[in-house]
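File shown: entry.csv. Contents: CSV, C-alpha atoms and all ligand atoms.
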```
chain,number,residue,atom,x,y,z
J,1,MET,CA,102.5,91.4,88.8
J,2,THR,CA,100.0,94.3,88.7
J,3,LEU,CA,98.8,95.3,92.1
J,4,GLU,CA,95.1,95.1,92.9
J,5,ALA,CA,93.7,97.9,95.1
J,6,ILE,CA,90.1,96.9,94.6
J,7,ARG,CA,88.6,93.4,95.0
J,8,TYR,CA,85.0,93.2,93.8
J,9,ARG,CA,82.6,90.5,92.9
J,10,ALA,CA,78.7,90.7,93.0
J,11,GLY,CA,77.8,91.7,96.5
J,12,SER,CA,81.3,91.8,97.9
J,13,LEU,CA,83.9,94.7,97.9
J,14,GLN,CA,87.3,94.8,99.6
J,15,ILE,CA,89.7,97.7,99.3
J,16,LEU,CA,93.5,97.7,100.0
J,17,ASN,CA,94.0,99.9,103.0
J,18,GLN,CA,96.6,102.2,101.5
J,19,LEU,CA,97.3,104.0,104.9
J,20,LEU,CA,99.1,100.8,106.0
J,21,LEU,CA,101.3,100.4,102.9
J,22,PRO,CA,104.1,99.5,102.4
J,23,GLN,CA,104.5,97.9,105.8
J,24,GLU,CA,101.2,95.9,105.8
J,25,THR,CA,99.0,94.6,103.0
J,26,VAL,CA,95.5,94.6,104.6
J,27,PHE,CA,92.2,94.5,102.7
J,28,ASP,CA,89.2,96.1,104.4
J,29,GLU,CA,85.6,95.0,103.8
J,30,VAL,CA,83.2,97.7,102.3
J,31,ARG,CA,79.6,96.7,102.9
J,32,THR,CA,77.8,100.0,102.8
J,33,VAL,CA,77.9,103.5,101.2
J,34,GLN,CA,79.0,104.8,104.6
J,35,ASP,CA,81.9,102.3,104.6
J,36,GLY,CA,82.8,103.7,101.1
J,37,TYR,CA,82.5,107.3,102.3
J,38,GLU,CA,84.8,106.7,105.2
J,39,ALA,CA,87.4,104.8,103.1
J,40,ILE,CA,87.6,107.7,100.7
J,41,LYS,CA,87.5,110.4,103.4
J,42,SER,CA,90.3,108.8,105.4
J,43,MET,CA,92.3,108.0,102.3
J,44,LYS,CA,92.4,104.3,102.8
J,45,VAL,CA,91.6,104.4,99.1
J,46,ARG,CA,92.6,107.5,97.1
J,47,GLY,CA,93.3,108.5,93.5
J,48,ALA,CA,90.7,110.3,91.4
J,49,PRO,CA,89.5,107.3,89.4
J,50,ALA,CA,89.7,104.9,92.4
J,51,ILE,CA,87.6,107.3,94.5
J,52,ALA,CA,84.8,107.2,92.0
J,53,ILE,CA,85.0,103.4,91.4
J,54,VAL,CA,85.1,102.5,95.1
J,55,GLY,CA,82.3,105.0,95.9
J,56,CYS,CA,80.0,103.6,93.3
J,57,LEU,CA,80.9,100.0,94.1
J,58,SER,CA,80.0,100.6,97.8
J,59,LEU,CA,76.6,101.7,96.5
J,60,ALA,CA,76.4,98.5,94.3
J,61,VAL,CA,77.1,96.2,97.3
J,62,GLU,CA,74.6,97.9,99.5
J,63,LEU,CA,72.0,97.8,96.7
J,64,ARG,CA,72.7,94.1,96.2
J,65,ALA,CA,72.0,93.6,100.0
J,66,GLY,CA,68.5,95.1,99.5
J,67,ALA,CA,69.0,98.7,100.3
J,68,GLY,CA,66.6,101.2,98.6
J,69,GLY,CA,63.6,98.8,99.0
J,70,ASN,CA,60.7,100.1,96.9
J,71,ASP,CA,62.3,103.5,96.3
J,72,PRO,CA,65.9,102.8,95.1
J,73,VAL,CA,66.1,106.1,93.2
J,74,THR,CA,65.9,108.1,96.4
J,75,PHE,CA,68.5,105.9,98.1
J,76,ILE,CA,70.8,106.1,95.1
J,77,ARG,CA,70.5,110.0,94.9
J,78,GLU,CA,71.2,110.4,98.6
J,79,SER,CA,74.1,107.9,98.5
J,80,LEU,CA,75.8,109.6,95.6
J,81,CYS,CA,75.4,113.0,97.1
J,82,HIS,CA,77.0,111.7,100.3
J,83,LEU,CA,79.9,110.0,98.5
J,84,THR,CA,80.6,113.1,96.4
J,85,SER,CA,81.0,115.2,99.6
J,86,ALA,CA,83.9,113.0,100.8
J,87,ARG,CA,86.6,114.9,98.9
J,88,PRO,CA,85.9,117.9,96.7
J,89,THR,CA,88.8,118.4,94.3
J,90,ALA,CA,88.7,115.2,92.1
J,91,VAL,CA,85.9,115.4,89.6
J,92,ASN,CA,85.5,111.7,89.0
J,93,MET,CA,83.1,110.9,91.8
J,94,GLY,CA,80.9,113.9,91.0
J,95,ARG,CA,80.9,113.1,87.4
J,96,ALA,CA,80.0,109.4,88.0
J,97,ALA,CA,77.2,110.5,90.4
J,98,ARG,CA,75.8,112.9,87.8
J,99,GLU,CA,75.8,110.3,85.0
J,100,LEU,CA,74.6,107.4,87.2
J,101,MET,CA,71.7,109.5,88.6
J,102,GLU,CA,70.7,110.4,85.0
J,103,PHE,CA,70.8,106.7,84.1
J,104,ALA,CA,68.8,105.6,87.2
J,105,GLU,CA,66.1,108.2,86.6
J,106,ASN,CA,65.7,107.2,83.0
J,107,GLU,CA,65.6,103.5,83.9
J,108,SER,CA,63.1,104.1,86.6
J,109,MET,CA,60.5,105.2,84.0
J,110,GLU,CA,60.4,101.7,82.5
J,111,LYS,CA,61.6,99.3,85.3
J,112,ASN,CA,60.3,98.2,88.6
J,113,PRO,CA,62.5,98.7,91.7
J,114,GLU,CA,64.2,95.2,91.4
J,115,GLN,CA,64.9,95.6,87.7
J,116,LEU,CA,66.2,99.2,88.3
J,117,THR,CA,68.5,98.0,91.0
J,118,GLU,CA,70.0,95.4,88.7
J,119,SER,CA,70.5,97.9,85.9
J,120,VAL,CA,72.3,100.4,88.2
J,121,ILE,CA,74.6,97.6,89.6
J,122,GLY,CA,75.4,96.7,86.0
J,123,TRP,CA,76.2,100.3,85.1
J,124,ILE,CA,78.6,100.5,88.1
J,125,GLU,CA,80.3,97.2,87.2
J,126,GLU,CA,81.0,98.5,83.7
J,127,MET,CA,82.8,101.5,85.2
J,128,LEU,CA,85.4,99.1,86.6
J,129,GLU,CA,86.2,97.5,83.3
J,130,ARG,CA,86.1,100.8,81.4
J,131,ASP,CA,88.6,102.4,83.7
J,132,VAL,CA,91.3,99.7,83.1
J,133,ASN,CA,90.7,99.8,79.4
J,134,ASP,CA,91.0,103.6,79.3
J,135,ASN,CA,94.2,103.5,81.4
J,136,LYS,CA,95.8,101.1,78.9
J,137,LYS,CA,95.0,103.4,76.1
J,138,ILE,CA,96.4,106.3,78.0
J,139,GLY,CA,99.6,104.3,78.7
J,140,ASN,CA,100.1,103.5,75.0
J,141,TYR,CA,99.2,106.9,73.6
J,142,GLY,CA,101.5,108.6,76.2
J,143,ALA,CA,104.4,106.2,75.5
J,144,GLN,CA,104.1,106.6,71.8
J,145,HIS,CA,104.0,110.4,72.0
J,146,ILE,CA,107.1,110.5,74.3
J,147,LEU,CA,109.0,108.0,72.1
J,148,SER,CA,108.2,110.0,68.9
J,149,GLY,CA,110.7,112.5,70.1
J,150,VAL,CA,113.4,110.0,70.8
J,151,PRO,CA,113.0,107.3,68.0
J,152,ARG,CA,115.8,105.0,69.2
J,153,ASP,CA,116.7,105.7,72.8
J,154,SER,CA,115.2,104.7,76.1
J,155,VAL,CA,113.7,107.4,78.1
J,156,THR,CA,113.8,108.8,81.7
J,157,ILE,CA,110.6,109.9,83.3
J,158,LEU,CA,110.0,111.9,86.4
J,159,THR,CA,106.6,111.5,88.0
J,160,HIS,CA,104.8,112.7,91.2
J,161,CYS,CA,102.4,111.2,93.7
J,162,ASN,CA,100.8,107.8,92.8
J,163,THR,CA,98.9,107.4,89.7
J,164,GLY,CA,99.1,103.6,89.2
J,165,SER,CA,97.1,100.5,90.0
J,166,LEU,CA,96.7,101.9,93.5
J,167,ALA,CA,94.9,105.0,92.3
J,168,THR,CA,92.7,103.5,89.6
J,169,ALA,CA,90.9,100.2,88.8
J,170,GLY,CA,94.2,99.0,87.4
J,171,TYR,CA,97.2,99.9,85.1
J,172,GLY,CA,97.2,103.6,86.1
J,173,THR,CA,97.4,106.9,84.3
J,174,ALA,CA,100.8,108.6,84.5
J,175,LEU,CA,102.2,105.4,85.9
J,176,GLY,CA,100.4,103.6,83.1
J,177,VAL,CA,102.5,105.5,80.7
J,178,VAL,CA,105.6,104.3,82.6
J,179,ARG,CA,104.2,100.8,82.5
J,180,SER,CA,103.8,101.0,78.7
J,181,LEU,CA,107.3,102.3,78.3
J,182,HIS,CA,108.7,99.5,80.4
J,183,ALA,CA,106.7,96.9,78.5
J,184,LEU,CA,108.2,98.3,75.3
J,185,GLY,CA,111.7,98.0,76.7
J,186,ARG,CA,112.2,101.7,76.4
J,187,LEU,CA,112.1,102.9,80.0
J,188,LYS,CA,115.7,103.7,81.1
J,189,ARG,CA,114.5,104.9,84.6
J,190,MET,CA,111.7,106.5,86.5
J,191,TYR,CA,112.3,109.1,89.2
J,192,CYS,CA,109.4,109.3,91.6
J,193,THR,CA,109.0,112.0,94.2
J,194,GLU,CA,108.2,111.0,97.8
J,195,THR,CA,105.2,113.4,97.6
J,196,ARG,CA,104.8,114.9,101.1
J,197,PRO,CA,102.8,114.8,103.3
J,198,TYR,CA,100.9,111.6,102.5
J,199,ASN,CA,104.0,110.1,100.8
J,200,GLN,CA,102.1,108.6,97.9
J,201,GLY,CA,105.4,108.4,96.0
J,202,ALA,CA,107.6,106.8,98.7
J,203,ARG,CA,104.9,104.5,100.0
J,204,LEU,CA,102.8,103.7,96.9
J,205,THR,CA,104.6,104.4,93.6
J,206,ALA,CA,107.9,102.9,94.9
J,207,TYR,CA,105.8,99.9,96.1
J,208,GLU,CA,104.4,99.4,92.6
J,209,ALA,CA,107.8,100.0,90.9
J,210,VAL,CA,109.5,97.4,93.1
J,211,ALA,CA,106.7,94.9,92.8
J,212,GLU,CA,106.9,95.1,89.0
J,213,GLY,CA,110.6,95.6,88.6
J,214,PHE,CA,110.6,99.0,87.0
J,215,PRO,CA,114.0,100.7,87.1
J,216,ALA,CA,113.1,103.5,89.6
J,217,THR,CA,114.7,106.0,91.9
J,218,LEU,CA,113.0,107.7,94.8
J,219,ILE,CA,113.8,111.3,95.5
J,220,THR,CA,112.5,113.9,97.9
J,221,ASP,CA,110.2,116.6,96.5
J,222,SER,CA,113.0,119.1,97.1
J,223,MET,CA,115.3,117.2,94.8
J,224,ALA,CA,113.1,117.5,91.7
J,225,ALA,CA,114.6,120.5,90.1
J,226,LEU,CA,118.2,119.3,90.6
J,227,THR,CA,117.1,115.9,89.2
J,228,MET,CA,115.8,117.6,86.1
J,229,ARG,CA,119.1,119.4,85.7
J,230,GLU,CA,121.4,116.4,86.4
J,231,LYS,CA,119.6,113.2,85.3
J,232,SER,CA,118.6,113.8,81.6
J,233,ILE,CA,114.9,113.6,82.3
J,234,THR,CA,113.1,113.1,79.0
J,235,ALA,CA,109.6,114.1,80.2
J,236,VAL,CA,107.7,114.8,83.4
J,237,VAL,CA,104.4,112.9,83.5
J,238,VAL,CA,101.8,113.5,86.3
J,239,GLY,CA,98.2,112.5,86.9
J,240,ALA,CA,95.2,114.8,87.4
J,241,ASP,CA,92.2,115.2,89.8
J,242,ARG,CA,90.4,117.7,87.6
J,243,VAL,CA,91.3,119.0,84.2
J,244,VAL,CA,89.1,122.0,83.2
J,245,ALA,CA,88.1,123.4,79.8
J,246,ASN,CA,91.2,125.5,79.2
J,247,GLY,CA,93.5,122.7,80.3
J,248,ASP,CA,94.4,124.0,83.7
J,249,THR,CA,94.9,121.0,85.9
J,250,ALA,CA,94.4,120.3,89.6
J,251,ASN,CA,96.7,117.6,90.9
J,252,LYS,CA,98.7,116.6,94.0
J,253,ILE,CA,100.3,119.5,95.8
J,254,GLY,CA,103.8,120.0,94.4
J,255,THR,CA,102.7,119.5,90.8
J,256,TYR,CA,102.7,123.2,90.0
J,257,GLN,CA,106.3,123.7,91.1
J,258,LEU,CA,107.4,120.6,89.0
J,259,ALA,CA,105.8,122.3,86.0
J,260,ILE,CA,107.7,125.5,86.7
J,261,ALA,CA,111.0,123.6,87.0
J,262,ALA,CA,110.2,121.6,83.9
J,263,LYS,CA,109.6,124.8,81.9
J,264,HIS,CA,112.9,126.2,83.2
J,265,HIS,CA,114.8,123.1,82.0
J,266,GLY,CA,113.0,122.8,78.7
J,267,ILE,CA,111.5,119.4,79.6
J,268,PRO,CA,108.1,118.5,78.2
J,269,PHE,CA,105.4,118.4,81.0
J,270,TYR,CA,102.5,115.9,80.4
J,271,VAL,CA,99.3,115.4,82.3
J,272,ALA,CA,97.8,111.9,82.0
J,273,ALA,CA,94.1,111.6,82.7
J,274,PRO,CA,91.0,109.8,81.5
J,275,SER,CA,88.2,111.9,80.1
J,276,THR,CA,86.3,111.1,83.4
J,277,SER,CA,88.8,113.3,85.1
J,278,CYS,CA,87.9,116.3,82.9
J,279,ASP,CA,85.4,118.9,83.8
J,280,LEU,CA,84.3,121.1,80.9
J,281,SER,CA,81.8,123.0,83.1
J,282,LEU,CA,84.7,125.0,84.6
J,283,GLU,CA,86.4,127.5,82.3
J,284,SER,CA,89.7,127.7,84.2
J,285,GLY,CA,91.5,126.4,87.2
J,286,ARG,CA,90.7,129.3,89.4
J,287,HIS,CA,87.2,127.8,89.9
J,288,ILE,CA,88.5,124.4,91.2
J,289,VAL,CA,87.9,123.8,95.0
J,290,ILE,CA,91.2,122.7,96.6
J,291,GLU,CA,90.8,120.3,99.5
J,292,GLU,CA,92.6,121.2,102.7
J,293,ARG,CA,93.5,118.2,104.9
J,294,PRO,CA,94.1,117.9,108.7
J,295,ALA,CA,97.2,119.5,110.1
J,296,GLU,CA,98.2,116.1,111.7
J,297,GLU,CA,98.7,114.6,108.3
J,298,LEU,CA,101.6,117.1,107.9
J,299,THR,CA,102.9,117.3,111.5
J,300,SER,CA,103.2,113.6,112.1
J,301,ILE,CA,104.0,110.3,110.2
J,302,ASN,CA,102.4,107.1,111.5
J,303,GLY,CA,101.4,109.0,114.6
J,304,VAL,CA,105.0,110.2,115.3
J,305,PRO,CA,105.2,114.0,115.6
J,306,ILE,CA,107.8,115.5,113.2
J,307,ALA,CA,107.0,119.2,113.8
J,308,ALA,CA,107.1,121.5,116.7
J,309,PRO,CA,103.9,121.2,118.7
J,310,GLY,CA,101.8,124.4,118.4
J,311,ILE,CA,103.1,125.4,114.9
J,312,ASP,CA,100.4,126.6,112.5
J,313,VAL,CA,99.9,124.5,109.4
J,314,TRP,CA,98.6,124.9,105.9
J,315,ASN,CA,97.9,121.6,104.2
J,316,PRO,CA,96.3,122.0,100.7
J,317,ALA,CA,96.1,118.5,99.2
J,318,PHE,CA,96.3,119.9,95.6
J,319,ASP,CA,97.5,122.8,93.5
J,320,VAL,CA,96.6,124.0,90.0
J,321,THR,CA,99.0,123.9,87.1
J,322,PRO,CA,98.2,126.6,84.5
J,323,HIS,CA,97.7,125.1,81.0
J,324,GLN,CA,100.6,127.2,79.7
J,325,LEU,CA,103.0,125.0,81.6
J,326,ILE,CA,101.5,121.7,80.3
J,327,THR,CA,103.9,121.8,77.4
J,328,GLY,CA,104.0,118.1,76.4
J,329,GLY,CA,100.2,117.7,76.3
J,330,ILE,CA,97.3,116.1,78.0
J,331,ILE,CA,97.3,112.3,77.5
J,332,THR,CA,93.7,110.8,77.4
J,333,GLU,CA,92.2,107.5,76.2
J,334,LEU,CA,91.3,109.5,73.1
J,335,GLY,CA,94.8,110.6,72.3
J,336,VAL,CA,97.3,113.3,73.3
J,337,PHE,CA,96.1,116.9,73.0
J,338,LEU,CA,97.5,120.3,73.6
J,339,PRO,CA,95.5,122.1,76.3
J,340,SER,CA,94.0,124.4,73.6
J,341,GLU,CA,92.7,121.3,71.7
J,342,LEU,CA,91.2,119.5,74.8
J,343,GLN,CA,87.7,120.9,74.7
J,344,ALA,CA,87.1,120.2,71.0
J,345,ALA,CA,88.6,116.7,71.5
J,346,LEU,CA,86.3,115.9,74.4
J,347,THR,CA,83.1,117.7,73.3
J,348,GLY,CA,80.4,115.2,72.7
J,349,ARG,CA,82.1,112.6,74.8
J,350,LEU,CA,81.5,114.4,78.1
J,351,THR,CA,78.5,116.4,79.3
J,352,ALA,CA,79.2,119.4,81.6
J,353,LEU,CA,78.6,118.6,85.2
I,401,LIG,C1,95.2,108.7,88.8
I,401,LIG,S1,95.2,109.4,90.4
I,401,LIG,C2,95.0,111.0,90.2
I,401,LIG,C3,95.5,111.9,91.3
I,401,LIG,O1,94.9,111.6,92.6
I,401,LIG,C4,96.0,111.7,93.7
I,401,LIG,O2,95.5,112.4,94.8
I,401,LIG,P1,95.2,111.7,96.2
I,401,LIG,O3,96.3,110.7,96.4
I,401,LIG,O4,95.1,112.8,97.2
I,401,LIG,O5,93.8,111.0,96.0
I,401,LIG,C5,97.0,112.5,93.0
I,401,LIG,O6,96.7,113.9,92.9
I,401,LIG,C6,97.0,111.8,91.6
I,401,LIG,O7,97.8,112.5,90.6
```
Let me see the structure of the file written as structure tokens.
Amino acid sequence: MTLEAIRYRAGSLQILNQLLLPQETVFDEVRTVQDGYEAIKSMKVRGAPAIAIVGCLSLAVELRAGAGGNDPVTFIRESLCHLTSARPTAVNMGRAARELMEFAENESMEKNPEQLTESVIGWIEEMLERDVNDNKKIGNYGAQHILSGVPRDSVTILTHCNTGSLATAGYGTALGVVRSLHALGRLKRMYCTETRPYNQGARLTAYEAVAEGFPATLITDSMAALTMREKSITAVVVGADRVVANGDTANKIGTYQLAIAAKHHGIPFYVAAPSTSCDLSLESGRHIVIEERPAEELTSINGVPIAAPGIDVWNPAFDVTPHQLITGGIITELGVFLPSELQAALTGRLTAL
């Protein structure tokens, strides 16, 4: 059973409220762009690809309800700007906004407002299908690359955060690689980190693994280096929020130290990301804006305080892994590339933001 985080049909969008998992499975209705913005900002829905998809689908359902009237281009532009402002680090929403706006402006030259609205909704609906197809390619390319180093054995993977069906339109990116290895009968075990402070690993990746019967073990973030030393990890595979031109990658906080530990233990470190998570307009990771989240998300769990009241908090949601530490490669729907090969591999498929 592959989990479904996004339920969409023409004019109707529901999102799985991931703040309530794993205790409760509740779908929230998204009727407007503002609903979409709030779902993304509050992290009811999260994950770089899912943020872009839900953001754009919220626009599609409001357009279907008649928003935009005789000037849909202005409504679309203002809506996409608002949605992009919800969370700054992942590139996917900003990229989708840029490409959709270009499409809408071109279409507006030949179509009346009603026809334009239909075209834009169609463009958005194609995003949904494209993401799942890209993720299956990522899963298969990544699995084959990892298995090429161990022709007969099963493999053990360590992953971080949640990069599965709950972070995308389906199948997942890094967890898509795990899914493909499991489907091939070659996954010995996956170790997933709990991923403080939002606990995407403990609450979401573990949820997906149990639901689909992956052999999986939950560890705390602080156990990762020891796990690499003691548990014969074949590869570390993580997702990405923004991969830039030299291969530096912004991903969930804690990824950078996993890459350092993997280097120390001689374990290949992979980033799995669709080309829509890549941003060739930035030369290196030092230009990536890192989102900082509210202190309460670190000092409490489900509203229960776990830290001394009054303590200062720093809560960056992401960190940047230098391309030199991405030793296994960057797994995309176009294939697996070394960081130094990425720009050439993607040029022509992506326009700079
Ligand atoms: C394929 S999901 C990519 C990425 O998004 C997650 O961040 P968040 O849960 O804060 O949206 C995490 O960094 C994943 O690796």
- request: Record the distance separating CA of Asn315 (chain J) and CA of His287 (chain J), expressed in Å with one decimal.
  value: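 Taking CA of Asn315 (chain J) and CA of His287 (chain J), their separation equals 18.9 Å.
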Contacts of region 8-18 of chain J at 9 Å (all atoms listed in the file; same-chain gap of 3+ positions) as a PyMOL selection string: chain J and resi 4-5+21-22+24-31+39+43-46+54+57-58+60-65+121+125+166+203-204
- request: Step by step, measure atom-to-atom distances between ligand LIG 401 (chain I) and each residue using all atoms listed in the file, keep those at most 6 Å, then write them as a list in words.
  value: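 Counting only what the definition allows, namely all atoms listed in the file, the set is Arg46, Gly47, Ala48, Pro49, Cys161, Asn162, Thr163, Ala167, Thr168, Thr173, Val238, Gly239, Ala240, Asp241, Asn251 and Lys252 of chain J.
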task: Can you work out which one of J:Pro151, J:Pro197, J:Gly142, J:Gly164 has the shortest atom-to-atom distance to Leu181 (chain J), counting all atoms listed in the file?
output: J:Gly142
query: In Å to one decimal, how far is CA of Val132 (chain J) from CA of Thr332 (chain J)?
result: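 One can read the CA of Thr332 (chain J) to CA of Val132 (chain J) distance as 12.7 Å.
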- prompt: Hey, what's within 9 Å of Asp221 (chain J) if we count only C-alpha atoms and toss same-chain stuff fewer than 5 positions away? As a PyMOL selection string, please?
  reply: chain J and resi 160+192-196+254+258
task: Provide the CA of Ser42 (chain J) to CA of Ser281 (chain J) distance in Å, to one decimal place.
output: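 These atoms are spaced 27.8 Å apart.
For region 263-280 of chain J, the list of residues within 6 Å, based on all atoms listed in the file and with local chain neighbours fewer than 3 positions off taken out, reads J:Val91, J:Asn92, J:Thr173, J:Ala174, J:Ala235, J:Val236, J:Val237, J:Val238, J:Gly239, J:Ala240, J:Arg242, J:Val243, J:Val244, J:Ala245, J:Ile260, J:Ile326, J:Thr327, J:Gly328, J:Gly329, J:Ile330, J:Ile331, J:Thr332, J:Glu333, J:Ala352.
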task: Return the single residue from J:His323, J:Arg77, J:Arg189, J:Arg179 that is closest to Gly247 (chain J), with distances computed using all atoms listed in the file.
output: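 Among the listed residues, the smallest separation from Gly247 (chain J) belongs to J:His323.
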query: Within 10 Å of Leu3 (chain J), counting only C-alpha atoms, which residues qualify if same-chain residues fewer than 3 places away don't, as a VMD selection string?
result: chain J and resid 6 16 164 to 166 169 to 171 207 to 208 211 to 212
field: Which of J:Thr234, J:Gln34, J:Gln343, J:Ser300 sits closest to Leu158 (chain J) [using all atoms listed in the file]
entry: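 Smallest distance to Leu158 (chain J) is found for J:Thr234.
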field: Spatial neighbours of region 109-120 of chain J, max dist 10 Å, only C-alpha atoms, sep filter under 4 positions, as a PyMOL selection string
entry: chain J and resi 56+59-60+63-64+66-73+76+100-101+103-105+124-126
Residue among J:Glu129, J:Thr255, J:His82, J:Val336 lying closest to Val177 (chain J), counting all atoms listed in the file: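 Comparing J:Glu129, J:Thr255, J:His82, J:Val336 against Val177 (chain J), the winner is J:Val336.
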Please complete region 77-88 of chain J with N, CA and C atoms and give it back as a tab-separated table (two decimals), in the frame of the given file.
```tsv
chain	number	residue	atom	x	y	z
J	77	ARG	N	70.19	108.52	94.93
J	77	ARG	CA	70.50	110.00	94.90
J	77	ARG	C	71.15	110.41	96.20
J	78	GLU	N	70.59	110.00	97.34
J	78	GLU	CA	71.20	110.40	98.60
J	78	GLU	C	72.56	109.82	98.83
J	79	SER	N	72.74	108.58	98.39
J	79	SER	CA	74.10	107.90	98.50
J	79	SER	C	75.11	108.61	97.70
J	80	LEU	N	74.79	108.93	96.46
J	80	LEU	CA	75.80	109.60	95.60
J	80	LEU	C	76.13	110.96	96.04
J	81	CYS	N	75.14	111.67	96.58
J	81	CYS	CA	75.40	113.00	97.10
J	81	CYS	C	76.38	112.90	98.30
J	82	HIS	N	76.14	111.92	99.16
J	82	HIS	CA	77.00	111.70	100.30
J	82	HIS	C	78.43	111.35	99.89
J	83	LEU	N	78.55	110.44	98.96
J	83	LEU	CA	79.90	110.00	98.50
J	83	LEU	C	80.64	111.13	97.84
J	84	THR	N	79.93	111.96	97.09
J	84	THR	CA	80.60	113.10	96.40
J	84	THR	C	81.15	114.10	97.39
J	85	SER	N	80.56	114.16	98.58
J	85	SER	CA	81.00	115.20	99.60
J	85	SER	C	82.28	114.74	100.30
J	86	ALA	N	82.75	113.51	100.07
J	86	ALA	CA	83.90	113.00	100.80
J	86	ALA	C	85.17	113.82	100.55
J	87	ARG	N	85.44	114.09	99.23
J	87	ARG	CA	86.60	114.90	98.90
J	87	ARG	C	86.29	115.71	97.65
J	88	PRO	N	86.46	117.02	97.72
J	88	PRO	CA	85.90	117.90	96.70
J	88	PRO	C	86.67	118.17	95.45
```
